[in-house]
Amino acid sequence: MFFTIAVVCVILALATFGFYYYKYRIANKIQAPKDVVVLYQVGRGPRAPSFSPFPMKLETFLRMAKIPYINDHAARFSSKGKTPWIEVNGQAIPDSQFAIEFIKKKFGVDSNINLSEDDKAVARAFLKLTEENLYWTMCIEMFGDNLEPVKTVIPYRGFKLWLTVTLLRRALAKQTWGHGIGRHSKDEVWDVAMQDMNALSSFLGSKKFLMGDEPSEVDCAVFGMIAQIYWHMPGSRHQVYLKENLSNLVDYINRMKERFWPDWENVTLEGTGYRSDHGELHVPEQMKKLNGLSDFSRENGKG
């Protein structure tokens with residue numbers, strides 16, 4: 001009898017899960033117009049447009065390249081089990097950098113047009129320094145002994161927040177150990193972080209953007225990462241060091257913010273004009289009348 005009840009409960013639980021998964025992950029999937037990018041991410045951040053650097057990098061690139069796109073904030077993950085990712089005309093492209101490479105080829109975009117081959121090589125080196133080194137020091141800092149700061153960034157509450165932080169902490173511990181940086185002491189990891197931030201600051205110098213007077217692709221990644229330190233790592237050693245010693249990087253992220261995120265207060269959870277942009281079409285003014293994009297905006301109550 002007990003076994004029968006247990007089986008029934010399991011079946012009901014699976015059926016309930018399947019219903020809501022279909023309702024919120026499949027049935028409500030956004031249908032975009034032709035050649036409009038669907039950007040899948042996990043939702044907005046409290047003080048910056050995302051609480052992860054990679055969605056910020058990818059969305060900033062879409063804005064820099066003036067590519068029409070729609071956000072899907074329903075936390076749908078790619079075939080690789082990662083986010084962000086994009087879909088264009090039904091074709092899915094996982095990973096933020098692979099997505100950028102696809103967009104460049106698909107739409108004929110060259111955000112590095114002003115860079116020499118040597119410049120491109122330097123830009124790639126700083127991209128990897130930022131994403132493959134500095135990023136992991138930030139993860140170790142935020143998911144260390146004191147979890148209170150990270151709890152103010154992830155926009156969940158109660159059990160969902162506890163579960164998310166617990167699972168992320170466990171996954172990141174495994175990933176940083178495999179990377180190698182997680183095998184170092186806290187002081188050694190912090191020394192790596194300082195050297196990386198100092199290198200970015202020194203190379204930026206008095207330039208407006210990392211590679212010169214105009215922004216290029218690498219700025220999307222660097223901006224996304226430093227923005228997390230400045231707005232989403234409250235009281236951390238990274239944030240304190242950035243604010244006290246690297247003022248040119250602070251000026252730089254504000255310059256990027258002003259150029260590509262005029263709607264910042266509308267797309268941050270603590271912003272004065274926040275509203276959800278899930279399903280909203282983001283498109284440059286001069287392209288709104290192409291391919292029926294204006295009609296799409298009006299039909300969805302966004303235009």
# chains A, B, ... in the order shown; residues from 1 in each chain; ligands from 1
call {"tool": "select_by_dssp", "arguments": {"residues": "range 71-211 of chain A", "states": "helix (DSSP H, G or I)", "output": "short mmCIF file (atom, residue, chain, number, x, y, z; two decimals) with N, CA and C atoms, in the first residue's frame"}}
result
data_model
loop_
_atom_site.label_atom_id
_atom_site.label_comp_id
_atom_site.auth_asym_id
_atom_site.auth_seq_id
_atom_site.Cartn_x
_atom_site.Cartn_y
_atom_site.Cartn_z
N SER A 96 28.62 32.34 -25.48
CA SER A 96 28.59 33.76 -25.85
C SER A 96 29.57 34.08 -26.98
N GLN A 97 30.78 33.52 -26.92
CA GLN A 97 31.77 33.85 -27.95
C GLN A 97 31.43 33.21 -29.28
N PHE A 98 30.96 31.95 -29.26
CA PHE A 98 30.54 31.31 -30.50
C PHE A 98 29.36 32.07 -31.11
N ALA A 99 28.48 32.58 -30.24
CA ALA A 99 27.34 33.37 -30.72
C ALA A 99 27.81 34.63 -31.42
N ILE A 100 28.81 35.31 -30.85
CA ILE A 100 29.35 36.52 -31.47
C ILE A 100 29.99 36.20 -32.82
N GLU A 101 30.75 35.11 -32.88
CA GLU A 101 31.38 34.72 -34.14
C GLU A 101 30.31 34.41 -35.19
N PHE A 102 29.23 33.76 -34.80
CA PHE A 102 28.14 33.45 -35.73
C PHE A 102 27.49 34.73 -36.24
N ILE A 103 27.21 35.67 -35.34
CA ILE A 103 26.57 36.93 -35.70
C ILE A 103 27.44 37.71 -36.69
N LYS A 104 28.74 37.73 -36.45
CA LYS A 104 29.65 38.46 -37.33
C LYS A 104 29.58 37.92 -38.76
N LYS A 105 29.53 36.59 -38.88
CA LYS A 105 29.47 35.98 -40.21
C LYS A 105 28.09 36.13 -40.84
N LYS A 106 27.06 35.89 -40.03
CA LYS A 106 25.68 35.91 -40.53
C LYS A 106 25.28 37.30 -41.03
N PHE A 107 25.65 38.34 -40.29
CA PHE A 107 25.20 39.69 -40.61
C PHE A 107 26.29 40.57 -41.21
N GLU A 117 46.17 43.75 -37.47
CA GLU A 117 46.30 42.34 -37.07
C GLU A 117 46.98 42.23 -35.71
N ASP A 118 47.97 43.09 -35.46
CA ASP A 118 48.63 43.09 -34.15
C ASP A 118 47.64 43.50 -33.06
N ASP A 119 46.82 44.49 -33.35
CA ASP A 119 45.82 44.94 -32.39
C ASP A 119 44.85 43.81 -32.05
N LYS A 120 44.43 43.07 -33.07
CA LYS A 120 43.50 41.97 -32.87
C LYS A 120 44.11 40.88 -31.98
N ALA A 121 45.38 40.65 -32.16
CA ALA A 121 46.07 39.66 -31.33
C ALA A 121 46.10 40.10 -29.87
N VAL A 122 46.40 41.39 -29.66
CA VAL A 122 46.41 41.93 -28.29
C VAL A 122 45.01 41.88 -27.68
N ALA A 123 44.01 42.23 -28.48
CA ALA A 123 42.63 42.21 -28.00
C ALA A 123 42.23 40.81 -27.58
N ARG A 124 42.62 39.80 -28.35
CA ARG A 124 42.28 38.42 -27.99
C ARG A 124 42.98 38.01 -26.70
N ALA A 125 44.20 38.45 -26.52
CA ALA A 125 44.92 38.13 -25.28
C ALA A 125 44.21 38.72 -24.07
N PHE A 126 43.72 39.95 -24.20
CA PHE A 126 43.00 40.57 -23.08
C PHE A 126 41.62 39.93 -22.88
N LEU A 127 41.01 39.46 -23.97
CA LEU A 127 39.75 38.73 -23.85
C LEU A 127 39.95 37.48 -22.99
N LYS A 128 41.01 36.75 -23.27
CA LYS A 128 41.27 35.51 -22.53
C LYS A 128 41.72 35.80 -21.10
N LEU A 129 42.51 36.84 -20.91
CA LEU A 129 42.88 37.24 -19.55
C LEU A 129 41.63 37.51 -18.72
N THR A 130 40.67 38.20 -19.34
CA THR A 130 39.45 38.60 -18.64
C THR A 130 38.55 37.42 -18.34
N GLU A 131 38.31 36.58 -19.36
CA GLU A 131 37.31 35.52 -19.22
C GLU A 131 37.87 34.22 -18.67
N GLU A 132 39.13 33.95 -18.89
CA GLU A 132 39.69 32.67 -18.47
C GLU A 132 40.56 32.77 -17.22
N ASN A 133 40.73 33.98 -16.70
CA ASN A 133 41.58 34.15 -15.52
C ASN A 133 40.89 35.02 -14.47
N LEU A 134 40.69 36.29 -14.81
CA LEU A 134 40.07 37.21 -13.86
C LEU A 134 38.70 36.72 -13.41
N TYR A 135 37.92 36.20 -14.34
CA TYR A 135 36.57 35.70 -14.02
C TYR A 135 36.59 34.69 -12.90
N TRP A 136 37.54 33.74 -12.94
CA TRP A 136 37.57 32.69 -11.93
C TRP A 136 37.97 33.22 -10.57
N THR A 137 38.81 34.26 -10.55
CA THR A 137 39.13 34.87 -9.25
C THR A 137 37.90 35.52 -8.64
N MET A 138 37.03 36.07 -9.49
CA MET A 138 35.79 36.68 -9.02
C MET A 138 34.84 35.62 -8.45
N CYS A 139 34.77 34.48 -9.12
CA CYS A 139 33.93 33.39 -8.63
C CYS A 139 34.39 32.90 -7.26
N ILE A 140 35.70 32.74 -7.11
CA ILE A 140 36.25 32.28 -5.84
C ILE A 140 35.97 33.30 -4.74
N GLU A 141 36.08 34.58 -5.06
CA GLU A 141 35.82 35.64 -4.09
C GLU A 141 34.36 35.64 -3.66
N MET A 142 33.44 35.58 -4.62
CA MET A 142 32.02 35.71 -4.31
C MET A 142 31.43 34.47 -3.66
N GLU A 148 26.93 36.29 1.82
CA GLU A 148 25.90 37.34 1.89
C GLU A 148 25.93 38.29 0.69
N PRO A 149 27.12 38.72 0.20
CA PRO A 149 27.13 39.62 -0.96
C PRO A 149 26.48 39.00 -2.20
N VAL A 150 26.79 37.73 -2.48
CA VAL A 150 26.23 37.11 -3.67
C VAL A 150 24.72 36.93 -3.55
N LYS A 151 24.23 36.80 -2.34
CA LYS A 151 22.78 36.66 -2.13
C LYS A 151 22.04 37.96 -2.45
N GLY A 158 14.30 33.06 -0.48
CA GLY A 158 13.93 31.84 0.22
C GLY A 158 14.68 30.60 -0.25
N PHE A 159 13.94 29.50 -0.35
CA PHE A 159 14.55 28.21 -0.69
C PHE A 159 15.21 28.24 -2.06
N LYS A 160 14.60 28.93 -3.03
CA LYS A 160 15.16 29.00 -4.38
C LYS A 160 16.53 29.68 -4.36
N LEU A 161 16.68 30.73 -3.55
CA LEU A 161 17.96 31.41 -3.43
C LEU A 161 18.99 30.50 -2.79
N TRP A 162 18.59 29.85 -1.70
CA TRP A 162 19.51 28.94 -1.00
C TRP A 162 19.97 27.83 -1.93
N LEU A 163 19.03 27.22 -2.65
CA LEU A 163 19.37 26.11 -3.54
C LEU A 163 20.28 26.58 -4.66
N THR A 164 19.97 27.74 -5.25
CA THR A 164 20.78 28.26 -6.35
C THR A 164 22.22 28.53 -5.91
N VAL A 165 22.36 29.20 -4.76
CA VAL A 165 23.70 29.52 -4.25
C VAL A 165 24.46 28.24 -3.90
N THR A 166 23.79 27.30 -3.29
CA THR A 166 24.43 26.04 -2.90
C THR A 166 24.93 25.28 -4.11
N LEU A 167 24.08 25.15 -5.13
CA LEU A 167 24.47 24.41 -6.33
C LEU A 167 25.57 25.14 -7.10
N LEU A 168 25.46 26.47 -7.19
CA LEU A 168 26.50 27.23 -7.89
C LEU A 168 27.83 27.12 -7.17
N ARG A 169 27.79 27.20 -5.85
CA ARG A 169 29.03 27.12 -5.07
C ARG A 169 29.71 25.77 -5.29
N ARG A 170 28.92 24.72 -5.30
CA ARG A 170 29.46 23.37 -5.50
C ARG A 170 30.04 23.21 -6.91
N ALA A 171 29.28 23.71 -7.90
CA ALA A 171 29.73 23.59 -9.29
C ALA A 171 31.00 24.40 -9.53
N LEU A 172 31.04 25.62 -8.98
CA LEU A 172 32.21 26.48 -9.18
C LEU A 172 33.44 25.94 -8.48
N ALA A 173 33.25 25.32 -7.33
CA ALA A 173 34.39 24.71 -6.64
C ALA A 173 35.01 23.61 -7.50
N LYS A 174 34.16 22.83 -8.14
CA LYS A 174 34.64 21.76 -9.02
C LYS A 174 35.32 22.34 -10.26
N GLN A 175 34.71 23.37 -10.84
CA GLN A 175 35.25 23.97 -12.06
C GLN A 175 36.58 24.67 -11.81
N THR A 176 36.69 25.41 -10.71
CA THR A 176 37.94 26.12 -10.43
C THR A 176 39.06 25.14 -10.07
N TRP A 177 38.69 24.03 -9.45
CA TRP A 177 39.70 23.00 -9.15
C TRP A 177 40.23 22.40 -10.45
N GLY A 178 39.31 22.10 -11.38
CA GLY A 178 39.73 21.57 -12.67
C GLY A 178 40.52 22.58 -13.48
N HIS A 179 40.14 23.85 -13.39
CA HIS A 179 40.88 24.92 -14.06
C HIS A 179 42.30 25.01 -13.52
N ILE A 181 43.10 27.12 -10.83
CA ILE A 181 43.18 28.29 -9.96
C ILE A 181 42.58 28.00 -8.59
N GLY A 182 41.65 27.06 -8.53
CA GLY A 182 41.03 26.70 -7.26
C GLY A 182 41.94 25.92 -6.34
N ARG A 183 43.10 25.55 -6.80
CA ARG A 183 44.07 24.81 -5.98
C ARG A 183 45.02 25.75 -5.24
N LYS A 186 43.97 31.55 -0.93
CA LYS A 186 43.18 32.76 -1.15
C LYS A 186 44.07 33.94 -1.51
N ASP A 187 45.22 34.05 -0.84
CA ASP A 187 46.12 35.16 -1.12
C ASP A 187 46.73 35.05 -2.52
N GLU A 188 47.02 33.83 -2.94
CA GLU A 188 47.58 33.63 -4.28
C GLU A 188 46.55 33.99 -5.36
N VAL A 189 45.30 33.60 -5.12
CA VAL A 189 44.23 33.92 -6.07
C VAL A 189 44.03 35.44 -6.14
N TRP A 190 44.08 36.09 -4.98
CA TRP A 190 43.92 37.54 -4.96
C TRP A 190 45.06 38.24 -5.69
N ASP A 191 46.27 37.71 -5.58
CA ASP A 191 47.41 38.29 -6.30
C ASP A 191 47.20 38.19 -7.81
N VAL A 192 46.65 37.08 -8.27
CA VAL A 192 46.31 36.91 -9.68
C VAL A 192 45.30 37.97 -10.10
N ALA A 193 44.26 38.16 -9.28
CA ALA A 193 43.21 39.13 -9.58
C ALA A 193 43.78 40.55 -9.71
N MET A 194 44.62 40.93 -8.76
CA MET A 194 45.22 42.28 -8.80
C MET A 194 46.06 42.47 -10.05
N GLN A 195 46.87 41.46 -10.39
CA GLN A 195 47.71 41.59 -11.58
C GLN A 195 46.88 41.72 -12.85
N ASP A 196 45.77 40.97 -12.92
CA ASP A 196 44.90 41.06 -14.09
C ASP A 196 44.25 42.43 -14.20
N MET A 197 43.71 42.93 -13.09
CA MET A 197 43.07 44.25 -13.12
C MET A 197 44.08 45.35 -13.40
N ASN A 198 45.27 45.23 -12.83
CA ASN A 198 46.32 46.22 -13.10
C ASN A 198 46.72 46.22 -14.57
N ALA A 199 46.78 45.02 -15.16
CA ALA A 199 47.16 44.92 -16.57
C ALA A 199 46.11 45.62 -17.45
N LEU A 200 44.85 45.40 -17.17
CA LEU A 200 43.78 46.05 -17.92
C LEU A 200 43.86 47.57 -17.77
N SER A 201 44.06 48.02 -16.55
CA SER A 201 44.14 49.45 -16.27
C SER A 201 45.34 50.08 -16.96
N SER A 202 46.49 49.42 -16.89
CA SER A 202 47.71 49.96 -17.50
C SER A 202 47.58 50.05 -19.01
N PHE A 203 47.01 49.03 -19.63
CA PHE A 203 46.88 49.05 -21.08
C PHE A 203 45.84 50.07 -21.53
N LEU A 204 44.76 50.19 -20.76
CA LEU A 204 43.74 51.19 -21.09
C LEU A 204 44.32 52.59 -21.02
#
call {"tool": "select_by_dssp", "arguments": {"residues": "range 74-269 of chain A", "states": "strand (DSSP E or B)", "output": "list in words"}}
result
Trp85, Ile86, Glu87, Val88, Gln91, Ala92, Ile93, Pro94, Phe209 and Gly212 of chain A
call {"tool": "residues_around", "arguments": {"residues": "Gly81 in chain A", "least_positions_apart": "5", "cutoff": "12 Å", "atoms": "only C-alpha atoms", "output": "PyMOL selection string"}}
result
chain A and resi 75-76+94-95
call {"tool": "residues_around", "arguments": {"residues": "Tyr40 in chain A", "least_positions_apart": "3", "cutoff": "8 Å", "atoms": "only C-alpha atoms", "output": "MDAnalysis selection string"}}
result
chainID A and resid 71:77 83:86
call {"tool": "write_last_selection", "arguments": {"atoms": "N, CA and C atoms", "output": "short mmCIF file (atom, residue, chain, number, x, y, z; two decimals), in the first residue's frame"}}
result
data_model
loop_
_atom_site.label_atom_id
_atom_site.label_comp_id
_atom_site.auth_asym_id
_atom_site.auth_seq_id
_atom_site.Cartn_x
_atom_site.Cartn_y
_atom_site.Cartn_z
N ASN A 71 14.99 39.50 -26.02
CA ASN A 71 15.44 38.78 -24.83
C ASN A 71 14.42 37.74 -24.40
N ASP A 72 14.92 36.57 -24.05
CA ASP A 72 14.11 35.55 -23.39
C ASP A 72 14.73 35.32 -22.03
N HIS A 73 14.04 35.77 -20.99
CA HIS A 73 14.57 35.69 -19.62
C HIS A 73 14.03 34.48 -18.85
N ALA A 74 13.52 33.48 -19.58
CA ALA A 74 12.88 32.34 -18.92
C ALA A 74 13.86 31.27 -18.46
N ALA A 75 15.15 31.58 -18.46
CA ALA A 75 16.19 30.65 -17.96
C ALA A 75 16.20 29.33 -18.73
N ARG A 76 16.03 29.41 -20.04
CA ARG A 76 16.19 28.23 -20.88
C ARG A 76 17.69 28.04 -21.15
N PHE A 77 18.17 26.83 -20.97
CA PHE A 77 19.59 26.58 -21.16
C PHE A 77 19.85 25.94 -22.52
N THR A 83 24.27 29.04 -20.32
CA THR A 83 23.59 30.26 -20.74
C THR A 83 24.59 31.41 -20.56
N PRO A 84 24.58 32.44 -21.43
CA PRO A 84 23.60 32.73 -22.47
C PRO A 84 23.87 31.94 -23.75
N TRP A 85 22.87 32.00 -24.64
CA TRP A 85 23.00 31.45 -25.97
C TRP A 85 21.99 32.17 -26.86
N ILE A 86 22.09 31.93 -28.16
CA ILE A 86 21.18 32.63 -29.07
C ILE A 86 20.53 31.64 -30.02
#
call {"tool": "closest_residue", "arguments": {"among": "A:Asn112, A:Leu147, A:Pro68, A:His232", "to": "Glu270 in chain A", "atoms": "only C-alpha atoms"}}
result
A:His232
call {"tool": "closest_residue", "arguments": {"among": "A:Arg63, A:Arg157, A:Lys34, A:Arg237", "to": "Lys257 in chain A", "atoms": "only C-alpha atoms"}}
result
A:Arg63
call {"tool": "atom_distance", "arguments": {"atom1": "CA of Lys66 in chain A", "atom2": "CA of Val283 in chain A"}}
result
7.1 Å
call {"tool": "residues_around", "arguments": {"residues": "Pro49 in chain A", "least_positions_apart": "3", "cutoff": "6 Å", "atoms": "only C-alpha atoms", "output": "PDB file with N, CA and C atoms, in the first residue's frame"}}
result
ATOM      1  N   ARG A  44      17.400  39.703 -15.433  1.00  0.00           N
ATOM      2  CA  ARG A  44      18.156  40.920 -15.159  1.00  0.00           C
ATOM      3  C   ARG A  44      18.810  40.881 -13.781  1.00  0.00           C
ATOM      4  N   GLY A  45      19.842  41.712 -13.628  1.00  0.00           N
ATOM      5  CA  GLY A  45      20.522  41.845 -12.356  1.00  0.00           C
ATOM      6  C   GLY A  45      19.999  43.055 -11.599  1.00  0.00           C
ATOM      7  N   VAL A 267      16.430  48.512 -17.276  1.00  0.00           N
ATOM      8  CA  VAL A 267      16.761  47.086 -17.413  1.00  0.00           C
ATOM      9  C   VAL A 267      17.569  46.559 -16.235  1.00  0.00           C
ATOM     10  N   THR A 268      17.555  47.283 -15.133  1.00  0.00           N
ATOM     11  CA  THR A 268      18.152  46.794 -13.892  1.00  0.00           C
ATOM     12  C   THR A 268      17.054  46.738 -12.832  1.00  0.00           C
TER      13      THR A 268
END
call {"tool": "residues_around", "arguments": {"residues": "Pro215 in chain A", "least_positions_apart": "4", "cutoff": "12 Å", "atoms": "only C-alpha atoms", "output": "count of residues only"}}
result
30
call {"tool": "atom_distance", "arguments": {"atom1": "CA of Asp213 in chain A", "atom2": "CA of Leu58 in chain A"}}
result
21.2 Å
call {"tool": "atom_distance", "arguments": {"atom1": "CA of Tyr69 in chain A", "atom2": "CA of Tyr274 in chain A"}}
result
19.0 Å
